[in-house]
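Chemist: Here it is, the structure, as structure tokens.
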Amino acid sequence: MKTNPPPKDNSDRLQFFVRFGCGALFAIIIVFSWGFASWGELIVFGLILGLIFGLLAAKYGDRFWEFLSGR
């Protein structure tokens with residue numbers, strides 16, 4: 001006899017997207033602070049770094065932020 005699997009917890013999904021968004025936003029702020037010669041470079045580096053930081057923040061959470069702060 002099979003039992004129904006437990007329902008997925010929506011808080012996990014929400015937590016992933018909040019962490020991803022914070023990491024991506026932080027990366028975009030970094031890219032703007034670097035100052036690039038053209039808008040094309042700014043957009044490309046913003047998207048690439050935003051994706052990388054977003055995924056790392058979503059996967060590792062506080063450990064990622066502690067690594068960046070040097071603790």
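Every chain in the structure tokens has a letter given in the order shown (A, B, ...), and although residue numbers restart at 1 in each chain, ligands are simply numbered from 1 in the order shown.
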List the neighbours of Val31 (chain A) out to 7 Å using only C-alpha atoms; skip same-chain residues closer than 6 positions along the sequence, and give me the result as a list of chain:residue names.
Modeler: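 Non-adjacent residues within range: A:Leu42, A:Phe45, A:Gly46.
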Chemist: Which residues are close to region 57-71 of chain A, i.e. within 8 Å by only C-alpha atoms, leaving aside same-chain residues fewer than 3 positions away? Reply as a PyMOL selection string.
Modeler: chain A and resi 15-20+22-23+53-54
Chemist: Suppose you want the space between CA of Ile48 (chain A) and CA of Arg13 (chain A); what is it in Å?
Modeler: 22.4 Å
Chemist: Extract, using only C-alpha atoms, all DNA, RNA and protein residues at most 12 Å from Val44 (chain A), discarding same-chain residues fewer than 4 positions from it, and format them as a VMD selection string.
Modeler: chain A and resid 27 to 28 31 to 32 36 38 to 40 48 to 51
